[in-house]
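Engineer: Can you keep this structure in mind? I'll have questions shortly.
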Amino acid sequence: MKRTRRRVEKEDFSRVLLTETSTYDAPIIFSNLGFYWHWKKHSEGKSLFPKLMENLFSNSDFSNYTVPYTYKVRKNSDNFRLVSLIHPRSQLPFIQFYQSFDSQILLACEKSRFSIRYPEKIGSKYYVKNPDENRNKYKTRATSNAEFESRSKHLSSYFSYRTHTRLHNFFDSIDFLRLEKQFNVFWTLDVARCFDSIYTHSITWAVKNKPFSKIHRNVTNSFGSIFDRLMQSTNYNETAGIVIGSEVSRLFAEIIFQQIDKNIFDALFELKLVNEEHYTIRRYVDDIFIFATSEENARKVQTVVIDCLSDYKLSVNSNKTTKTSRPFITEQSRAISLVKNSFSRLVDQIIEFDTVDGKNRRSPKAIYNRKRVLVAFMQEVKLACFDSLVSYSLVSGYLVSAFSNLLIQFIENNTDICPIGKEKSKFITLIFTIIEIIYTLYTVNPGQNGSIKIAIIIDLTSKYFDSHIPDESNALRSLFYTLSNDFFASGSFSETSKDDNNVATVETLNILSAVRTLGSNFLLSKEVLERMVVFSENRKPTYFEIVSLLFYIRDDKEGSYFGLLKKIKSSINLILSDLTDIKENSEKIYLLLDVLACPYLDSDFRKKIARRLYKIIETKEPTDVEAIAFSESLSRFPWFISWDSAAMINSLEKKALLRSY
């Protein structure tokens, strides 16, 4: 597929707001794009409300901490992990930090011989898969940010990374095969509660050394001390633990681990253990892989690793330590290998590859019973994972991505064909079969990556049917609607809120937002929405729940969700009744700005909220004219939520690139 390479405007350091300080693990309607635009306008002296920007965001005093908005995302079928959105005010100082210290960040990440994910250089290029197609497929009605949107469309991070941006790439690499040939023993270690355990002051130990840092602890303008205070300011000024979710947190951890890696190497050298001869280590963020010539050497390496981690107040989770001899295969890697073969066989069964007029063509084969194909494939998946439920979760995520990519490639490969007759029937059956497989796998293990893939295929296949097979568009949308409804009624959906005060997860909210793009003829009932987001006296809905419901309900001209909208507005009023802490409370500032920009809330309601904010900014009660003008100015451009479906779709490719580690 043709890929166009474009250069990044390196002088635009504000781009860290797009790639470093936000998080991938957020609903698909959320991004920092609007905030970036507002800050750029303010920096250029062109803001519509400079006093608000100055009052809420410009104070970069590190002592003024903020409280992150923390929520849970699914880690696997049994566990969640906490992720945090940093307050917008705490994100801005990182712009200057990157501008001043990007070279020093790179220098601090040159110490390790073991890391397989580290920044190598400042990113200079981004990619567009097909410029002609992308211009139309993800076109948005908004024009205010078209200029910078085209420049930032596929930025994935401020830095370019080596060597493996995803862990599975390492296990599929030549390097792993070489290590298997060279070493007899393979152990895996996991750092327990890594980000929660990192001591922020240890960044200065890593940059210099512990004794030096303690002697010069009053130095406040060094790279390490500034990074330390920045990370504290994002998280209650806590020194124990750092927020999880943003790339800047991973960078902070990587710098510390780079020094730990060096300490491990030096300590083992003193024990006469030579790297790449008696042992070697590969580390991916907080996952540590030991390769050794013998069990004895592996134990020595493990002991040194544990000791060096403890110097930085970190420890190993012994329950997650695994020990393997050649061949280096685990239950999980065995399952992945088996389902890869099953996937390849199924692709050969349903798609044929040929060349027509010099172009590689993917054509559908006849599928006589798509239900039988689905059942047979799922049986193979279950057999591959027979010995491990953990493997079942792992392979389902892998296969959702694989089938989604297959469907995307198939459609993009056939955009110049409007099938008719028997060929049309083959196209429809193939696409419906893949969609049903994806939903079946997703229901087994609902995850962030999978929900983004589903959102992309809902959009892509709907547009393809509208333009190429229009008489079957409703049938396609009905399939998506039915499968999504089945998911919301499934046991997996019920499990996503287990032990979490009935909070709707990001994965659930993503499917909700994606289904909304099917159109007003395919709306979920209010009973489904109220089962998804619980309103009661004992709990208030979260920021993500509120904005996702507003995105789904929209203007609701028929009044189908009147009672639900009333509950939402009541919850907004309750949460935003006191705005005195909006400079510290992340959830409040996100909700406040997005509510004021929401086109689906009536102007009187938004004006009442705007009056409260005006009073804080101007330190006086506004007149009606002032309140209306202030409210209208804030509603003109989005902040964090893409209220328009086209704008949300436009961000999906970025989400696909900004995958969590």
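FYI, nothing fancy with the structure tokens labels: chains A, B, ... in order, residues from 1 per chain, ligands from 1 as they appear.
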So which bits of segment 87-327 of chain A end up strand (DSSP E or B) when you DSSP the backbone, as a ChimeraX atom specification?
Structural biologist: /A:115,117-122,125-128,159-163,185-191,199,240,246,275,279-284,287-292,316,322-325
Engineer: Please produce an output containing N, CA and C atoms for each residue in the selection, written as a compact mmCIF listing (two decimals), in the first residue's frame.
Structural biologist:
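result-v2.txt, written as the output of this step:
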# COMPACT_ATOMS: atom_id res chain seq x y z
N SER A 115 17.61 -2.52 27.11
CA SER A 115 16.28 -2.01 26.79
C SER A 115 15.94 -2.26 25.32
N ARG A 117 12.89 -0.88 24.20
CA ARG A 117 11.97 0.20 23.86
C ARG A 117 12.49 1.47 24.50
N TYR A 118 13.15 2.29 23.72
CA TYR A 118 13.72 3.53 24.25
C TYR A 118 13.78 4.58 23.14
N PRO A 119 13.72 5.87 23.49
CA PRO A 119 13.78 6.92 22.47
C PRO A 119 15.18 7.03 21.89
N GLU A 120 15.24 7.07 20.58
CA GLU A 120 16.54 7.12 19.89
C GLU A 120 16.84 8.51 19.33
N LYS A 121 15.80 9.17 18.83
CA LYS A 121 15.99 10.51 18.26
C LYS A 121 14.65 11.23 18.24
N ILE A 122 14.69 12.51 17.98
CA ILE A 122 13.46 13.29 17.88
C ILE A 122 12.74 12.92 16.60
N LYS A 125 9.33 12.50 11.05
CA LYS A 125 8.41 12.19 9.96
C LYS A 125 7.17 11.50 10.50
N TYR A 126 6.10 11.59 9.73
CA TYR A 126 4.91 10.80 10.00
C TYR A 126 4.38 10.30 8.67
N TYR A 127 3.47 9.35 8.72
CA TYR A 127 3.05 8.66 7.51
C TYR A 127 1.55 8.77 7.28
N VAL A 128 1.20 8.88 6.00
CA VAL A 128 -0.19 8.79 5.57
C VAL A 128 -0.25 7.62 4.60
N PHE A 159 9.34 11.40 20.13
CA PHE A 159 10.59 10.74 19.79
C PHE A 159 10.33 9.54 18.88
N SER A 160 11.37 9.15 18.15
CA SER A 160 11.36 7.88 17.44
C SER A 160 11.98 6.84 18.36
N TYR A 161 11.37 5.64 18.38
CA TYR A 161 11.78 4.63 19.36
C TYR A 161 12.47 3.44 18.71
N ARG A 162 13.38 2.83 19.46
CA ARG A 162 14.03 1.58 19.14
C ARG A 162 13.90 0.66 20.34
N THR A 163 13.91 -0.61 20.11
CA THR A 163 13.93 -1.27 18.82
C THR A 163 12.55 -1.87 18.51
N VAL A 185 18.57 -21.23 28.90
CA VAL A 185 17.58 -20.92 29.92
C VAL A 185 16.96 -19.55 29.63
N PHE A 186 15.65 -19.47 29.84
CA PHE A 186 14.91 -18.22 29.61
C PHE A 186 13.98 -17.99 30.80
N TRP A 187 14.24 -16.90 31.56
CA TRP A 187 13.40 -16.53 32.70
C TRP A 187 12.75 -15.18 32.44
N THR A 188 11.53 -15.01 32.91
CA THR A 188 10.86 -13.71 32.79
C THR A 188 10.55 -13.18 34.19
N LEU A 189 10.81 -11.90 34.39
CA LEU A 189 10.53 -11.23 35.67
C LEU A 189 9.61 -10.05 35.40
N ASP A 190 8.75 -9.77 36.36
CA ASP A 190 7.83 -8.64 36.25
C ASP A 190 8.02 -7.73 37.45
N VAL A 191 8.21 -6.44 37.20
CA VAL A 191 8.35 -5.49 38.30
C VAL A 191 6.98 -5.23 38.90
N TYR A 199 9.65 6.01 42.89
CA TYR A 199 9.90 7.14 43.78
C TYR A 199 10.40 8.29 42.90
N ALA A 240 5.68 9.21 45.89
CA ALA A 240 5.55 7.76 45.77
C ALA A 240 4.57 7.42 44.66
N SER A 246 0.31 8.16 30.22
CA SER A 246 0.91 9.07 29.25
C SER A 246 2.30 8.61 28.84
N ASN A 275 28.15 -10.24 29.55
CA ASN A 275 26.94 -10.06 28.74
C ASN A 275 27.16 -10.63 27.35
N TYR A 279 25.24 -14.71 29.80
CA TYR A 279 23.85 -14.28 29.98
C TYR A 279 23.60 -13.09 29.06
N THR A 280 22.36 -12.73 28.94
CA THR A 280 21.98 -11.40 28.46
C THR A 280 20.57 -11.11 28.97
N ILE A 281 20.18 -9.86 28.88
CA ILE A 281 18.87 -9.41 29.36
C ILE A 281 18.21 -8.59 28.26
N ARG A 282 16.90 -8.74 28.13
CA ARG A 282 16.11 -7.83 27.31
C ARG A 282 15.01 -7.27 28.23
N ARG A 283 14.82 -5.97 28.18
CA ARG A 283 13.81 -5.33 29.03
C ARG A 283 12.88 -4.49 28.18
N TYR A 284 11.59 -4.72 28.34
CA TYR A 284 10.56 -3.92 27.67
C TYR A 284 9.75 -3.21 28.75
N ASP A 287 9.00 -5.19 31.98
CA ASP A 287 9.12 -6.64 31.80
C ASP A 287 10.57 -6.98 31.52
N ILE A 288 11.14 -7.87 32.34
CA ILE A 288 12.56 -8.20 32.25
C ILE A 288 12.71 -9.65 31.84
N PHE A 289 13.52 -9.91 30.80
CA PHE A 289 13.72 -11.25 30.26
C PHE A 289 15.20 -11.62 30.39
N ILE A 290 15.46 -12.70 31.11
CA ILE A 290 16.82 -13.16 31.36
C ILE A 290 17.11 -14.38 30.49
N PHE A 291 18.20 -14.32 29.74
CA PHE A 291 18.67 -15.46 28.95
C PHE A 291 20.03 -15.86 29.53
N ALA A 292 20.22 -17.16 29.79
CA ALA A 292 21.47 -17.59 30.42
C ALA A 292 21.88 -18.96 29.91
N VAL A 316 10.35 -7.31 42.51
CA VAL A 316 9.85 -8.26 41.52
C VAL A 316 8.62 -8.98 42.07
N THR A 322 8.52 -16.65 35.49
CA THR A 322 8.44 -17.92 34.76
C THR A 322 9.83 -18.37 34.39
N LYS A 323 10.01 -19.68 34.31
CA LYS A 323 11.32 -20.26 34.00
C LYS A 323 11.14 -21.32 32.92
N THR A 324 11.90 -21.17 31.83
CA THR A 324 11.73 -22.04 30.68
C THR A 324 13.09 -22.48 30.15
N SER A 325 13.14 -23.72 29.70
CA SER A 325 14.32 -24.21 28.98
C SER A 325 13.98 -24.33 27.51
Engineer: Name the residues in contact with Arg193 of chain A at a cut-off of 9 Å, using only C-alpha atoms, excluding same-chain residues fewer than 5 positions from it; report them as a ChimeraX atom specification.
Structural biologist: /A:198,314-317
Engineer: Write a file of the just-selected residues containing C-alpha atoms, as a short mmCIF file (atom, residue, chain, number, x, y, z; two decimals), in the first residue's frame.
Structural biologist:
data_model
loop_
_atom_site.label_atom_id
_atom_site.label_comp_id
_atom_site.auth_asym_id
_atom_site.auth_seq_id
_atom_site.Cartn_x
_atom_site.Cartn_y
_atom_site.Cartn_z
CA ILE A 198 8.45 4.58 41.38
CA LEU A 314 11.26 -1.44 43.25
CA SER A 315 10.64 -5.17 43.58
CA VAL A 316 9.85 -8.26 41.52
CA ASN A 317 6.44 -9.93 41.57
#
Engineer: What's the 12 Å shell around Ser467 of chain A, counting only C-alpha atoms, without same-chain residues fewer than 3 positions away, as number ranges by chain?
Structural biologist: A: 137, 411, 414-419, 460-464, 470-473
Engineer: With distances taken over only C-alpha atoms, which residue among A:Asn319, A:Ser363, A:Ser396, A:Ser536 lies nearest Ser571 of chain A?
Structural biologist: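 Under the stated criterion, the closest residue is A:Ser536.
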Engineer: Choose the residue, out of A:Ile428, A:Gly491, A:Val503, A:Ile255, that has the smallest atom-to-atom separation from His468 of chain A; count only C-alpha atoms.
Structural biologist: A:Ile428
Engineer: Pick out each residue of segment 441-535 of chain A that DSSP on the backbone tags as alpha helix (DSSP H); I need them as a PDB file with C-alpha atoms, in the first residue's frame.
Structural biologist:
ATOM      1  CA  LEU A 441     -13.729 -12.659  19.783  1.00  0.00           C
ATOM      2  CA  TYR A 442     -14.249  -9.194  21.242  1.00  0.00           C
ATOM      3  CA  THR A 443     -17.009 -10.425  23.528  1.00  0.00           C
ATOM      4  CA  VAL A 444     -14.578 -12.984  24.954  1.00  0.00           C
ATOM      5  CA  GLN A 448      -9.293  -0.865  24.230  1.00  0.00           C
ATOM      6  CA  ASN A 449      -7.450  -1.883  21.061  1.00  0.00           C
ATOM      7  CA  GLY A 450     -10.329  -4.093  19.974  1.00  0.00           C
ATOM      8  CA  SER A 451     -12.959  -1.417  20.555  1.00  0.00           C
ATOM      9  CA  ILE A 452     -10.987   1.020  18.392  1.00  0.00           C
ATOM     10  CA  LYS A 453     -10.740  -1.587  15.649  1.00  0.00           C
ATOM     11  CA  ILE A 454     -14.507  -2.150  15.791  1.00  0.00           C
ATOM     12  CA  ALA A 455     -15.134   1.603  15.564  1.00  0.00           C
ATOM     13  CA  ILE A 456     -12.913   1.772  12.481  1.00  0.00           C
ATOM     14  CA  ILE A 457     -14.580  -1.148  10.705  1.00  0.00           C
ATOM     15  CA  ILE A 458     -18.073   0.163  11.495  1.00  0.00           C
ATOM     16  CA  ASP A 459     -17.172   3.419   9.794  1.00  0.00           C
ATOM     17  CA  LEU A 460     -15.204   1.916   6.919  1.00  0.00           C
ATOM     18  CA  THR A 461     -17.632  -0.854   5.991  1.00  0.00           C
ATOM     19  CA  SER A 462     -20.659   1.448   6.326  1.00  0.00           C
ATOM     20  CA  LYS A 463     -19.128   3.940   3.902  1.00  0.00           C
ATOM     21  CA  TYR A 464     -18.098   1.136   1.558  1.00  0.00           C
ATOM     22  CA  PHE A 465     -21.607  -0.318   1.451  1.00  0.00           C
ATOM     23  CA  ASP A 466     -23.155   3.149   1.022  1.00  0.00           C
ATOM     24  CA  SER A 467     -21.032   3.778  -2.070  1.00  0.00           C
ATOM     25  CA  HIS A 468     -20.584   0.263  -3.516  1.00  0.00           C
ATOM     26  CA  SER A 473     -26.393  -0.794   3.699  1.00  0.00           C
ATOM     27  CA  ASN A 474     -29.286  -1.285   6.096  1.00  0.00           C
ATOM     28  CA  ALA A 475     -28.519  -4.998   6.375  1.00  0.00           C
ATOM     29  CA  LEU A 476     -24.931  -4.190   7.326  1.00  0.00           C
ATOM     30  CA  ARG A 477     -26.006  -1.619   9.915  1.00  0.00           C
ATOM     31  CA  SER A 478     -28.566  -4.064  11.308  1.00  0.00           C
ATOM     32  CA  LEU A 479     -25.790  -6.619  11.746  1.00  0.00           C
ATOM     33  CA  PHE A 480     -23.620  -4.154  13.674  1.00  0.00           C
ATOM     34  CA  TYR A 481     -26.604  -3.078  15.755  1.00  0.00           C
ATOM     35  CA  THR A 482     -27.591  -6.648  16.609  1.00  0.00           C
ATOM     36  CA  LEU A 483     -24.054  -7.750  17.455  1.00  0.00           C
ATOM     37  CA  SER A 484     -23.490  -4.672  19.624  1.00  0.00           C
ATOM     38  CA  ASN A 485     -26.792  -5.225  21.421  1.00  0.00           C
ATOM     39  CA  ASP A 486     -25.747  -8.839  22.008  1.00  0.00           C
ATOM     40  CA  PHE A 487     -22.479  -7.615  23.515  1.00  0.00           C
ATOM     41  CA  PHE A 488     -24.294  -5.250  25.893  1.00  0.00           C
ATOM     42  CA  GLY A 491     -21.807 -11.863  30.516  1.00  0.00           C
ATOM     43  CA  SER A 492     -18.552 -10.188  29.462  1.00  0.00           C
ATOM     44  CA  PHE A 493     -20.268  -6.820  29.481  1.00  0.00           C
ATOM     45  CA  SER A 494     -21.588  -7.474  32.986  1.00  0.00           C
ATOM     46  CA  GLU A 495     -18.110  -8.487  34.145  1.00  0.00           C
ATOM     47  CA  VAL A 506     -13.714   2.711  28.251  1.00  0.00           C
ATOM     48  CA  GLU A 507     -14.148  -0.409  26.121  1.00  0.00           C
ATOM     49  CA  THR A 508     -17.925  -0.315  26.604  1.00  0.00           C
ATOM     50  CA  LEU A 509     -18.181   3.421  25.960  1.00  0.00           C
ATOM     51  CA  ASN A 510     -16.188   3.035  22.743  1.00  0.00           C
ATOM     52  CA  ILE A 511     -18.648   0.507  21.345  1.00  0.00           C
ATOM     53  CA  LEU A 512     -21.500   2.826  22.376  1.00  0.00           C
ATOM     54  CA  SER A 513     -19.964   5.774  20.490  1.00  0.00           C
ATOM     55  CA  ALA A 514     -19.168   3.637  17.457  1.00  0.00           C
ATOM     56  CA  VAL A 515     -22.716   2.261  17.250  1.00  0.00           C
ATOM     57  CA  ARG A 516     -24.057   5.839  17.274  1.00  0.00           C
ATOM     58  CA  LYS A 526     -32.822   3.858  27.084  1.00  0.00           C
ATOM     59  CA  GLU A 527     -32.958   0.660  29.165  1.00  0.00           C
ATOM     60  CA  VAL A 528     -29.679  -0.479  27.600  1.00  0.00           C
ATOM     61  CA  LEU A 529     -28.068   2.912  28.248  1.00  0.00           C
ATOM     62  CA  GLU A 530     -29.257   2.972  31.865  1.00  0.00           C
ATOM     63  CA  ARG A 531     -27.920  -0.535  32.370  1.00  0.00           C
ATOM     64  CA  MET A 532     -24.629   0.652  30.973  1.00  0.00           C
TER      65      MET A 532
END
Engineer: Using only C-alpha atoms, determine which residues lie at most 12 Å from Arg229 of chain A, disregarding the query and same-chain residues fewer than 4 positions distant; provide the list as a ChimeraX atom specification.
Structural biologist: /A:60-65,90,93-94,97,199-204,219-225,233-239,242,252
Engineer: For Leu230 of chain A, which residue out of A:Ser197, A:Thr66, A:Ser294, A:Ser425 is the nearest one, using only C-alpha atoms?
Structural biologist: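 Ranking A:Ser197, A:Thr66, A:Ser294, A:Ser425 by distance to Leu230 of chain A, first place goes to A:Thr66.
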Engineer: Give me, please, the distance in Å between atom CA of Glu584 of chain A and atom CA of His87 of chain A, quoted to one decimal.
Structural biologist: 7.3 Å
Engineer: List the spatial neighbours of Lys111 of chain A as a PyMOL selection string - criterion: any atom at most 8 Å away, only C-alpha atoms, same-chain residues fewer than 4 positions off excluded.
Structural biologist: chain A and resi 107+258-259+261-262
Engineer: Go through A:Leu17, A:Val301, A:Leu613, A:Ile367 one by one, measure the shortest atom-to-atom distance of each to Asp348 of chain A using only C-alpha atoms, and give the residue with the smallest value.
Structural biologist: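 The closest residue to Asp348 of chain A is A:Ile367.
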Engineer: So what do you get for atom CA of Ala489 of chain A versus atom CA of Gly559 of chain A, distance-wise?
Structural biologist: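 Here the two named atoms are 24.0 Å from each other.
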Engineer: Please report the interatomic distance between atom CA of Leu106 of chain A and atom CA of Thr21 of chain A in Å with one decimal.
Structural biologist: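 Going from atom CA of Leu106 of chain A over to atom CA of Thr21 of chain A, I get 17.6 Å.
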Engineer: Please identify all polymer residues within 8 Å of Asn573 of chain A, counting only C-alpha atoms, omitting same-chain residues fewer than 4 positions from it, and present them as a list in words.
Structural biologist: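 Here the qualifying residues turn out to be Lys569, Ser577 and Ile609 of chain A.
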